[in-house]
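Just run.cif here, mmCIF, C-alpha atoms and all ligand atoms:
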data_coords
#
loop_
_atom_site.label_atom_id
_atom_site.label_comp_id
_atom_site.auth_asym_id
_atom_site.auth_seq_id
_atom_site.Cartn_x
_atom_site.Cartn_y
_atom_site.Cartn_z
CA MET M 172 37.94 17.37 24.28
CA GLU M 173 36.81 19.52 27.22
CA PRO M 174 33.08 19.26 27.91
CA ASN M 175 31.25 22.52 27.32
CA PRO M 176 30.01 23.56 30.80
CA GLU M 177 26.88 25.18 29.37
CA ARG M 178 25.85 21.95 27.69
CA GLY M 179 26.82 19.55 30.45
CA ASN M 180 28.55 16.31 29.56
CA SER M 181 26.20 14.96 26.96
CA SER M 182 26.67 15.51 23.29
CA TRP M 183 23.98 14.22 20.94
CA ILE M 184 26.72 12.32 19.17
CA ASP M 185 27.29 10.23 22.29
CA GLU M 186 23.59 9.27 22.28
CA ILE M 187 23.82 7.39 18.99
CA PRO M 188 24.80 4.04 20.61
CA ASP M 189 21.66 4.24 22.77
CA ARG M 190 19.52 5.09 19.79
CA LEU M 191 20.93 2.10 17.92
CA ALA M 192 20.26 -0.08 20.95
CA ALA M 193 16.65 1.14 20.97
CA ILE M 194 16.20 0.07 17.35
CA GLU M 195 17.68 -3.31 18.20
CA GLY M 196 15.42 -3.60 21.24
CA ALA M 197 12.38 -3.03 19.00
CA HIS M 198 13.56 -5.87 16.67
CA LEU M 199 13.99 -3.34 13.87
CA LEU M 200 17.75 -3.52 13.42
CA ARG M 201 18.53 -4.44 9.80
CA ARG M 202 21.40 -6.71 8.96
CA ARG M 203 22.95 -7.23 5.55
CA ARG M 204 23.65 -10.74 4.32
CA VAL M 205 26.72 -11.46 2.26
CA VAL M 206 25.48 -13.04 -0.95
CA GLN M 207 27.11 -14.98 -3.78
CA PRO M 208 25.37 -16.53 -6.82
CA ALA M 209 25.29 -20.34 -6.73
CA GLY M 210 23.55 -21.23 -10.02
CA GLY M 211 19.94 -20.69 -11.12
CA ALA M 212 17.95 -19.10 -8.31
CA HIS M 213 20.33 -20.49 -5.69
CA LEU M 214 22.51 -18.24 -3.55
CA LEU M 215 25.19 -18.67 -0.94
CA VAL M 216 23.94 -16.45 1.89
CA ASP M 217 26.46 -15.90 4.68
CA GLY M 218 27.93 -19.19 3.49
CA GLN M 219 24.61 -21.08 3.63
CA PRO M 220 23.17 -22.39 0.34
CA LEU M 221 19.59 -21.16 -0.10
CA LEU M 222 16.98 -21.26 -2.84
CA ALA M 223 16.08 -17.57 -3.09
CA PHE M 224 12.69 -15.96 -3.78
CA CYS M 225 13.78 -12.40 -3.20
CA SER M 226 15.58 -11.22 -6.32
CA ASN M 227 14.20 -8.62 -8.72
CA ASP M 228 16.18 -10.25 -11.53
CA TYR M 229 12.82 -11.34 -12.96
CA LEU M 230 14.09 -12.69 -16.26
CA GLY M 231 17.25 -14.28 -14.86
CA LEU M 232 19.41 -12.05 -17.08
CA ALA M 233 21.78 -10.75 -14.37
CA SER M 234 24.10 -13.71 -14.85
CA HIS M 235 23.70 -14.00 -18.64
CA PRO M 236 27.11 -14.53 -20.29
CA ALA M 237 26.27 -12.16 -23.17
CA LEU M 238 25.90 -9.27 -20.71
CA ALA M 239 29.22 -10.06 -19.07
CA GLU M 240 30.86 -10.27 -22.51
CA ALA M 241 29.39 -6.89 -23.58
CA ALA M 242 30.72 -5.32 -20.37
CA ARG M 243 34.15 -6.90 -20.92
CA GLN M 244 34.43 -5.60 -24.48
CA ALA M 245 33.23 -2.14 -23.44
CA THR M 246 35.80 -2.01 -20.65
CA HIS M 247 38.49 -2.77 -23.19
CA ARG M 248 37.21 -0.02 -25.47
CA TYR M 249 36.13 2.74 -23.06
CA GLY M 250 37.91 1.97 -19.79
CA LEU M 251 35.93 1.87 -16.55
CA GLY M 252 34.68 5.21 -15.28
CA SER M 253 32.82 7.79 -17.37
CA GLY M 254 35.07 10.47 -15.91
CA GLY M 255 32.50 13.24 -15.67
CA SER M 256 28.93 14.37 -15.35
CA PRO M 257 26.80 13.99 -18.49
CA LEU M 258 26.64 17.71 -19.29
CA VAL M 259 30.43 18.02 -19.13
CA SER M 260 32.38 15.04 -20.48
CA GLY M 261 30.67 11.92 -19.09
CA HIS M 262 28.08 11.28 -21.82
CA SER M 263 29.85 8.41 -23.61
CA ALA M 264 28.98 7.06 -27.04
CA ALA M 265 27.67 3.94 -25.28
CA ASN M 266 25.35 5.95 -23.01
CA ASP M 267 24.12 7.97 -26.00
CA ALA M 268 23.37 4.86 -28.06
CA LEU M 269 21.61 3.28 -25.09
CA GLU M 270 19.29 6.28 -24.73
CA HIS M 271 18.19 5.98 -28.35
CA GLU M 272 17.61 2.25 -27.95
CA LEU M 273 15.68 2.71 -24.71
CA ALA M 274 13.35 5.21 -26.38
CA ALA M 275 12.82 2.84 -29.31
CA PHE M 276 12.24 -0.09 -26.94
CA VAL M 277 9.43 1.62 -25.04
CA GLN M 278 8.18 3.31 -28.23
CA LEU M 279 8.40 6.85 -26.87
CA PRO M 280 10.13 9.83 -28.53
CA ARG M 281 13.14 10.31 -26.24
CA ALA M 282 14.83 8.83 -23.16
CA LEU M 283 17.28 10.01 -20.51
CA TYR M 284 19.54 7.39 -18.87
CA PHE M 285 20.41 7.66 -15.16
CA TYR M 286 22.81 5.74 -12.89
CA ALA M 287 19.99 4.77 -10.46
CA GLY M 288 16.22 4.75 -10.15
CA TYR M 289 16.35 6.41 -6.76
CA ALA M 290 18.24 9.36 -8.24
CA THR M 291 15.84 9.50 -11.19
CA ASN M 292 12.69 9.98 -9.14
CA THR M 293 14.23 12.21 -6.48
CA GLY M 294 15.64 14.36 -9.27
CA ILE M 295 12.95 14.63 -11.92
CA ILE M 296 10.01 15.40 -9.61
CA PRO M 297 11.59 18.63 -8.27
CA ALA M 298 12.47 19.53 -11.87
CA LEU M 299 8.79 19.32 -12.80
CA VAL M 300 6.96 20.92 -9.86
CA GLY M 301 7.78 23.26 -6.98
CA LYS M 302 6.28 25.53 -4.38
CA GLY M 303 2.67 26.39 -5.21
CA ASP M 304 2.22 23.34 -7.47
CA ALA M 305 0.30 20.18 -6.53
CA LEU M 306 1.46 16.56 -6.43
CA PHE M 307 -0.90 13.59 -6.17
CA SER M 308 0.71 10.43 -4.80
CA ASP M 309 -0.65 6.88 -4.35
CA ALA M 310 -0.40 5.79 -0.70
CA LEU M 311 1.70 2.74 -1.62
CA ASN M 312 4.19 4.52 -3.86
CA HIS M 313 7.88 3.60 -3.68
CA ALA M 314 10.02 5.57 -1.21
CA CYS M 315 11.95 7.40 -3.92
CA LEU M 316 8.76 8.86 -5.43
CA ILE M 317 7.82 10.05 -1.95
CA ASP M 318 11.27 11.52 -1.35
CA GLY M 319 11.21 13.27 -4.73
CA ALA M 320 7.80 14.71 -3.86
CA ARG M 321 9.11 16.05 -0.54
CA LEU M 322 12.20 17.55 -2.16
CA SER M 323 10.05 19.41 -4.69
CA ARG M 324 8.25 21.44 -1.97
CA ALA M 325 5.02 21.16 -3.96
CA THR M 326 1.85 20.47 -1.95
CA ILE M 327 1.47 16.69 -1.61
CA VAL M 328 -1.99 15.10 -1.79
CA ARG M 329 -1.76 11.43 -0.81
CA TYR M 330 -4.69 9.35 -2.08
CA PRO M 331 -5.69 5.84 -0.91
CA HIS M 332 -4.00 3.06 -2.87
CA ALA M 333 -5.41 2.71 -6.40
CA ASP M 334 -8.51 4.75 -5.44
CA LEU M 335 -9.04 6.62 -8.70
CA ALA M 336 -12.37 8.07 -7.54
CA ALA M 337 -10.55 9.71 -4.62
CA LEU M 338 -7.81 10.89 -6.96
CA GLY M 339 -10.37 12.36 -9.36
CA ALA M 340 -12.08 14.25 -6.54
CA ALA M 341 -8.73 15.56 -5.26
CA LEU M 342 -7.70 16.70 -8.73
CA ALA M 343 -11.04 18.44 -9.27
CA ALA M 344 -10.86 20.23 -5.92
CA ASN M 345 -7.29 21.47 -6.29
CA PRO M 346 -6.77 24.98 -7.69
CA ALA M 347 -3.08 24.59 -8.56
CA ARG M 348 -2.25 25.23 -12.21
CA ARG M 349 0.53 22.65 -12.39
CA LYS M 350 -0.57 19.18 -11.26
CA LEU M 351 1.61 16.08 -11.28
CA VAL M 352 0.29 12.58 -10.53
CA ILE M 353 2.94 10.07 -9.45
CA SER M 354 2.34 6.33 -9.26
CA ASP M 355 4.04 2.97 -9.37
CA ALA M 356 2.73 0.97 -12.34
CA VAL M 357 3.29 -2.36 -10.57
CA PHE M 358 3.36 -1.82 -6.80
CA SER M 359 6.56 -3.14 -5.34
CA MET M 360 5.23 -4.74 -2.14
CA ASP M 361 1.81 -5.92 -3.44
CA GLY M 362 2.52 -6.78 -7.07
CA ASP M 363 -0.74 -5.31 -8.40
CA LEU M 364 -0.90 -3.25 -11.60
CA ILE M 365 -2.62 0.14 -11.60
CA ASP M 366 -5.33 0.76 -14.23
CA ILE M 367 -3.14 2.90 -16.50
CA PRO M 368 -5.75 3.93 -19.11
CA ALA M 369 -8.11 5.10 -16.34
CA LEU M 370 -5.30 6.95 -14.55
CA LEU M 371 -4.27 8.65 -17.77
CA ALA M 372 -7.87 9.60 -18.58
CA LEU M 373 -8.11 11.34 -15.19
CA CYS M 374 -4.87 13.21 -15.88
CA GLU M 375 -6.22 14.23 -19.28
CA ARG M 376 -9.46 15.52 -17.74
CA HIS M 377 -7.70 17.62 -15.10
CA ASP M 378 -4.70 18.76 -17.16
CA ALA M 379 -2.27 16.83 -14.97
CA LEU M 380 0.99 15.20 -16.03
CA LEU M 381 1.48 11.53 -15.08
CA LEU M 382 4.80 10.11 -13.88
CA LEU M 383 4.61 6.33 -14.01
CA ASP M 384 7.29 4.23 -12.27
CA ASP M 385 7.44 0.85 -14.03
CA ALA M 386 10.41 -0.61 -12.11
CA HIS M 387 8.62 -3.97 -11.79
CA GLY M 388 6.84 -4.06 -15.16
CA PHE M 389 9.66 -3.16 -17.53
CA GLY M 390 10.98 -6.28 -19.26
CA VAL M 391 8.16 -8.38 -17.84
CA LEU M 392 4.88 -6.90 -19.10
CA GLY M 393 3.75 -5.92 -22.58
CA PRO M 394 4.75 -7.23 -26.00
CA GLN M 395 8.45 -8.22 -25.93
CA GLY M 396 8.64 -6.92 -22.36
CA ARG M 397 8.27 -3.29 -23.45
CA GLY M 398 6.54 -2.49 -20.17
CA SER M 399 3.15 -1.67 -18.69
CA LEU M 400 2.55 1.40 -20.86
CA ALA M 401 3.08 -0.66 -24.02
CA GLN M 402 0.86 -3.38 -22.54
CA ALA M 403 -1.89 -0.75 -22.24
CA GLY M 404 -1.30 0.21 -25.87
CA LEU M 405 -0.13 3.69 -24.88
CA THR M 406 2.94 4.41 -26.97
CA GLY M 407 4.07 7.00 -29.48
CA ALA M 408 3.95 10.79 -29.50
CA ALA M 409 0.24 11.12 -28.61
CA ALA M 410 0.55 9.11 -25.38
CA ALA M 411 3.84 10.83 -24.51
CA ARG M 412 2.19 14.24 -24.22
CA ARG M 413 0.84 13.38 -20.75
CA VAL M 414 3.06 10.60 -19.46
CA LEU M 415 6.60 10.40 -18.30
CA TYR M 416 7.50 6.72 -18.24
CA MET M 417 10.22 5.78 -15.77
CA ALA M 418 11.75 2.33 -15.31
CA THR M 419 14.78 0.85 -13.61
CA LEU M 420 17.47 -1.25 -15.25
CA GLY M 421 18.68 -3.22 -12.23
CA LYS M 422 15.62 -5.47 -12.07
CA ALA M 423 14.41 -7.41 -15.15
CA ALA M 424 17.13 -5.80 -17.30
CA GLY M 425 19.65 -7.44 -14.99
CA VAL M 426 22.24 -4.63 -14.80
CA ALA M 427 21.85 -1.26 -13.00
CA GLY M 428 20.49 2.23 -13.56
CA ALA M 429 17.21 3.66 -14.77
CA PHE M 430 15.68 5.91 -17.40
CA VAL M 431 12.81 8.28 -17.99
CA ALA M 432 11.15 8.47 -21.41
CA GLY M 433 8.50 10.64 -23.01
CA ASP M 434 7.93 13.72 -25.12
CA ALA M 435 11.21 15.10 -26.50
CA THR M 436 10.65 18.60 -25.11
CA LEU M 437 9.76 17.28 -21.65
CA ILE M 438 12.90 15.17 -21.65
CA GLU M 439 14.94 18.21 -22.71
CA TRP M 440 13.44 20.10 -19.76
CA LEU M 441 14.51 17.28 -17.41
CA LEU M 442 17.99 17.25 -18.91
CA GLN M 443 18.29 20.98 -18.20
CA GLY M 444 16.85 20.94 -14.69
CA THR M 445 17.39 17.62 -12.89
CA ARG M 446 20.03 18.21 -10.23
CA SER M 447 20.64 14.50 -9.55
CA TYR M 448 21.47 14.17 -13.25
CA ILE M 449 23.52 17.32 -13.75
CA PHE M 450 25.65 17.13 -10.61
CA ALA M 451 26.56 13.44 -10.64
CA THR M 452 29.10 11.39 -12.57
CA ALA M 453 27.51 9.65 -15.55
CA ALA M 454 27.07 5.87 -15.41
CA PRO M 455 30.10 3.93 -16.67
CA PRO M 456 29.95 3.02 -20.38
CA LEU M 457 30.43 -0.67 -19.59
CA LEU M 458 27.01 -0.67 -17.90
CA ALA M 459 25.38 1.07 -20.87
CA SER M 460 26.99 -1.49 -23.17
CA ALA M 461 25.70 -4.39 -21.07
CA LEU M 462 22.27 -2.74 -21.09
CA ARG M 463 22.23 -2.44 -24.88
CA GLN M 464 22.81 -6.19 -25.00
CA SER M 465 20.15 -6.69 -22.34
CA LEU M 466 17.55 -4.83 -24.44
CA ARG M 467 18.19 -7.25 -27.30
CA LEU M 468 17.86 -10.25 -24.99
CA MET M 469 14.70 -8.87 -23.36
CA ALA M 470 13.00 -8.30 -26.71
CA ALA M 471 13.71 -11.93 -27.62
CA ALA M 472 12.84 -13.37 -24.20
CA ASP M 473 9.24 -14.51 -24.79
CA ASP M 474 10.32 -17.96 -23.61
CA ARG M 475 11.50 -16.51 -20.28
CA ARG M 476 8.28 -14.51 -19.87
CA ALA M 477 6.22 -17.64 -20.65
CA GLN M 478 8.23 -19.55 -18.03
CA LEU M 479 7.56 -16.75 -15.54
CA ASP M 480 3.82 -16.79 -16.28
CA ALA M 481 3.72 -20.55 -15.77
CA LEU M 482 5.53 -20.22 -12.42
CA ILE M 483 3.15 -17.43 -11.29
CA ALA M 484 0.15 -19.64 -12.11
CA GLN M 485 1.72 -22.65 -10.35
CA LEU M 486 2.52 -20.62 -7.23
CA ARG M 487 -0.91 -19.01 -7.01
CA GLU M 488 -2.70 -22.32 -7.49
CA GLY M 489 -0.58 -23.93 -4.79
CA LEU M 490 -1.04 -21.05 -2.36
CA ALA M 491 -4.81 -21.02 -2.90
CA ALA M 492 -4.82 -24.59 -1.55
CA LEU M 493 -3.24 -23.55 1.78
CA PRO M 494 -5.44 -24.17 4.84
CA GLN M 495 -7.65 -21.16 5.63
CA HIS M 496 -7.58 -21.23 9.45
CA LEU M 497 -4.37 -19.15 9.73
CA GLY M 498 -5.93 -16.16 7.99
CA TRP M 499 -3.10 -15.87 5.47
CA ARG M 500 -4.15 -13.83 2.46
CA LEU M 501 -2.66 -13.98 -1.03
CA LEU M 502 -2.97 -10.55 -2.67
CA PRO M 503 -4.22 -10.34 -6.27
CA SER M 504 -1.24 -10.09 -8.64
CA GLN M 505 -0.38 -11.31 -12.11
CA THR M 506 3.23 -10.16 -11.82
CA PRO M 507 6.36 -11.86 -10.43
CA VAL M 508 5.76 -10.02 -7.12
CA GLN M 509 3.46 -12.23 -5.01
CA ALA M 510 2.52 -11.10 -1.50
CA LEU M 511 1.30 -13.58 1.11
CA VAL M 512 -0.06 -11.41 3.92
CA VAL M 513 0.37 -13.06 7.32
CA GLY M 514 -0.63 -10.14 9.57
CA ARG M 515 1.64 -9.77 12.61
CA SER M 516 5.34 -8.99 12.21
CA GLU M 517 6.34 -11.80 14.63
CA ASP M 518 4.41 -14.34 12.57
CA ALA M 519 5.94 -13.17 9.30
CA LEU M 520 9.42 -13.39 10.85
CA ALA M 521 8.75 -16.86 12.28
CA LEU M 522 7.54 -18.02 8.89
CA MET M 523 10.62 -16.60 7.19
CA ASP M 524 12.88 -18.34 9.74
CA GLY M 525 11.01 -21.61 9.30
CA LEU M 526 11.50 -21.45 5.55
CA ARG M 527 15.17 -20.63 5.94
CA ALA M 528 15.62 -23.71 8.11
CA ARG M 529 14.35 -25.65 5.08
CA GLY M 530 16.83 -23.98 2.72
CA LEU M 531 14.51 -21.28 1.31
CA TRP M 532 14.98 -17.53 1.41
CA VAL M 533 11.77 -15.52 1.26
CA PRO M 534 11.88 -12.07 2.84
CA ALA M 535 9.37 -10.98 5.49
CA ILE M 536 8.28 -7.39 4.88
CA ARG M 537 7.10 -5.54 7.97
CA PRO M 538 5.71 -2.13 8.85
CA PRO M 539 6.64 0.64 8.20
CA THR M 540 7.50 -0.67 4.72
CA VAL M 541 3.91 -2.01 4.54
CA PRO M 542 0.79 -0.84 6.49
CA ALA M 543 0.41 -2.00 10.11
CA GLY M 544 -1.12 -5.46 10.45
CA THR M 545 -0.14 -6.51 6.92
CA ALA M 546 3.31 -8.06 7.53
CA ARG M 547 3.90 -10.51 4.74
CA LEU M 548 6.15 -12.76 2.77
CA ARG M 549 7.12 -11.06 -0.47
CA ILE M 550 7.72 -13.89 -2.91
CA ALA M 551 9.60 -12.77 -6.01
CA LEU M 552 9.60 -15.19 -8.92
CA SER M 553 12.12 -15.27 -11.73
CA ALA M 554 12.52 -17.09 -15.01
CA ALA M 555 15.62 -18.53 -13.32
CA HIS M 556 13.29 -20.61 -11.10
CA THR M 557 12.15 -24.07 -12.16
CA ALA M 558 8.76 -25.66 -11.51
CA HIS M 559 10.61 -27.85 -9.02
CA ASP M 560 11.85 -24.76 -7.14
CA VAL M 561 8.32 -23.42 -6.83
CA GLN M 562 7.05 -26.82 -5.70
CA GLN M 563 9.70 -26.83 -2.98
CA LEU M 564 8.45 -23.48 -1.72
CA LEU M 565 4.83 -24.67 -1.80
CA ASP M 566 5.71 -27.86 0.11
CA ALA M 567 7.55 -25.83 2.75
CA LEU M 568 4.63 -23.38 3.14
CA HIS M 569 2.12 -26.23 3.44
CA ALA M 570 4.33 -27.83 6.09
CA ALA M 571 4.62 -24.51 7.95
CA ALA M 572 0.85 -23.96 7.79
CA SER M 573 0.26 -27.23 9.66
CA ASP M 574 3.01 -26.54 12.21
CA PRO M 575 1.28 -26.02 15.58
CA ALA M 576 4.00 -23.55 16.62
CA LEU M 577 2.49 -20.99 14.25
C1 LIG M 601 13.83 -0.43 -7.14
C2 LIG M 601 12.90 0.68 -7.34
C3 LIG M 601 13.37 1.99 -7.54
C4 LIG M 601 14.81 2.37 -7.36
O1 LIG M 601 15.60 1.98 -8.41
P1 LIG M 601 17.17 1.78 -8.17
O2 LIG M 601 17.72 1.70 -9.54
O3 LIG M 601 17.30 0.52 -7.39
O4 LIG M 601 17.67 2.97 -7.43
C5 LIG M 601 12.45 2.95 -7.89
N1 LIG M 601 11.13 2.68 -7.95
C6 LIG M 601 10.64 1.44 -7.69
C7 LIG M 601 9.17 1.20 -7.77
C8 LIG M 601 11.52 0.41 -7.36
O5 LIG M 601 11.03 -0.80 -7.08
#
When written as structure tokens, how does the structure in this file appear?
Ligand SMILES: *Cc1c(COP(=O)(O)O)cnc(C)c1O
Amino acid sequence: MEPNPERGNSSWIDEIPDRLAAIEGAHLLRRRRVVQPAGGAHLLVDGQPLLAFCSNDYLGLASHPALAEAARQATHRYGLGSGGSPLVSGHSAANDALEHELAAFVQLPRALYFYAGYATNTGIIPALVGKGDALFSDALNHACLIDGARLSRATIVRYPHADLAALGAALAANPARRKLVISDAVFSMDGDLIDIPALLALCERHDALLLLDDAHGFGVLGPQGRGSLAQAGLTGAAAARRVLYMATLGKAAGVAGAFVAGDATLIEWLLQGTRSYIFATAAPPLLASALRQSLRLMAAADDRRAQLDALIAQLREGLAALPQHLGWRLLPSQTPVQALVVGRSEDALALMDGLRARGLWVPAIRPPTVPAGTARLRIALSAAHTAHDVQQLLDALHAAASDPAL
């Protein structure tokens, strides 16, 4: 192509290699690993066998044979693709049945099933609020809540993490008629659980609606894994008036997708107005069928949750015994997400590399995913781990802590 003389020789498209090189130069280039399951919590990662502490498959259900069998039978019956968006022809009998079972599982009046959690939050927030409305967002919220907030064009008030006094003051000071509070229930990089009854009481006082993202609590917390809202005793029609409960189905449920549940009229409103729902092909029925099986397994998985609790206690006890001189800090968390804050990005990376050399895969999470100076190992536990697995991780961390290179 002839260069445009008015623009000179440089097109912005030709600058992309340099921009990529700049990311690489700043040690921020991300690389995907090619992963294959290798039994239990073990993975083959780029061909190397590793004991992994990075999966969100908290109950170890992703490889359960009953889920694979449900998907196989559904494929035989329904074929593969749903063939359409849900409001046209894509809402299969399997997806419909799943929605009813999801609502029953979380004990809320109605549920809407989506193909992904990211699409759920980026879609439902703009369906609820818009220009002139106000959104209140915890500083550590997941990226898709933030992106949904931005898409909505409502005014965003970001409050310090879990600071309900600051949230209360912001709600009181804001004149908008429509107020929406959005929050993770269990925070994905810290593992802590927000005080849901207190959050809901604030919403009640200021006539705000609460959208709670329970991606990391669903299946793990509450009686029979019914989630953090059920754990707080907030179920049924009365609770649903002020809460939209959202959870993902690719973590503890072991499959893929997400749902939002709550008051039947609110859900109908979302069905009518969520663009990421209306203008996208519905999830394949084989996934809904696997998920229906997963709900049954989750409800009966008290043994897996007890195993998880035991592993959490074992890990925390072992980490508390680490030498103090390095300044490593274990964040408070009773969930499978355990964050060991190291501080500097280089140190977190060196620690991750040291563990990998010993056959362990624990991801280092760096800014901007977490605040500056709080680079960390994010240790994710699963019922697929054994006590021996956790002991191996503890031994490796104790060895690393006494390594003079750190
Ligand atoms: C994983 C996650 C999502 C996104 O869900 P996907 O189904 O993976 O798109 C949303 N919110 C939180 C808090 C998450 O951890």
**Message:** Taking 3 positions as the minimum chain separation for residues in the same chain, which residues sit within 7 Å of segment 505-512 of chain M when counting all atoms listed in the file? Answer as a list in words.
**Reply:**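 Within the cut-off, the hits are Tyr229, Met360, Asp361, Gly362, Ile483, Trp499, Arg500, Leu501, Leu502, Thr545, Ala546, Arg547, Leu548, Arg549, Ile550, Ala551, Leu552 and Ser553 of chain M.
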**Request:** For Leu458 of chain M, work out the shell of residues within 12 Å, counting only C-alpha atoms and skipping chain neighbours fewer than 3 positions away, then give it as a PyMOL selection string.
**Result:** chain M and resi 233+238-246+249-253+263+265-266+269+284-287+420-421+424-429+453-455+461-465
**Message:** (-0.1, 7.9, -5.2) in this file's frame - what residues fall within 8 Å of it? Use all atoms listed in the file and give the answer as a list in words.
**Reply:**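 The answer, in the requested form, is Phe307, Ser308, Asp309, Ala310, Leu311, Asn312, Arg329, Tyr330, Pro331, His332, Ala333, Val352, Ile353, Ser354 and Asp355 of chain M.
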With C-alpha atoms retained, could you export that selection as an mmCIF file, in the coordinates of the input?
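So the final result, stored in selection.cif, reads:
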data_model
loop_
_atom_site.group_PDB
_atom_site.id
_atom_site.type_symbol
_atom_site.label_atom_id
_atom_site.label_comp_id
_atom_site.auth_asym_id
_atom_site.auth_seq_id
_atom_site.Cartn_x
_atom_site.Cartn_y
_atom_site.Cartn_z
ATOM 1 C CA PHE M 307 -0.900 13.590 -6.170
ATOM 2 C CA SER M 308 0.710 10.430 -4.800
ATOM 3 C CA ASP M 309 -0.650 6.880 -4.350
ATOM 4 C CA ALA M 310 -0.400 5.790 -0.700
ATOM 5 C CA LEU M 311 1.700 2.740 -1.620
ATOM 6 C CA ASN M 312 4.190 4.520 -3.860
ATOM 7 C CA ARG M 329 -1.760 11.430 -0.810
ATOM 8 C CA TYR M 330 -4.690 9.350 -2.080
ATOM 9 C CA PRO M 331 -5.690 5.840 -0.910
ATOM 10 C CA HIS M 332 -4.000 3.060 -2.870
ATOM 11 C CA ALA M 333 -5.410 2.710 -6.400
ATOM 12 C CA VAL M 352 0.290 12.580 -10.530
ATOM 13 C CA ILE M 353 2.940 10.070 -9.450
ATOM 14 C CA SER M 354 2.340 6.330 -9.260
ATOM 15 C CA ASP M 355 4.040 2.970 -9.370
#
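Atom CA of Ala484 of chain M sits 10.5 Å away from atom CA of Ala558 of chain M.
If you look at atom CA of Arg527 of chain M and atom CA of Ala543 of chain M, they are 24.1 Å away from each other.
Minimum atom-to-atom distances from M:Gln395, M:Gln562, M:Gln207, M:Thr326 to Pro220 of chain M were compared using all atoms listed in the file, and the lowest value belongs to M:Gln207.
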**Message:** One number please: atom CA of Leu493 of chain M to atom CA of Gly514 of chain M, in Å, one decimal.
**Reply:** 15.7 Å
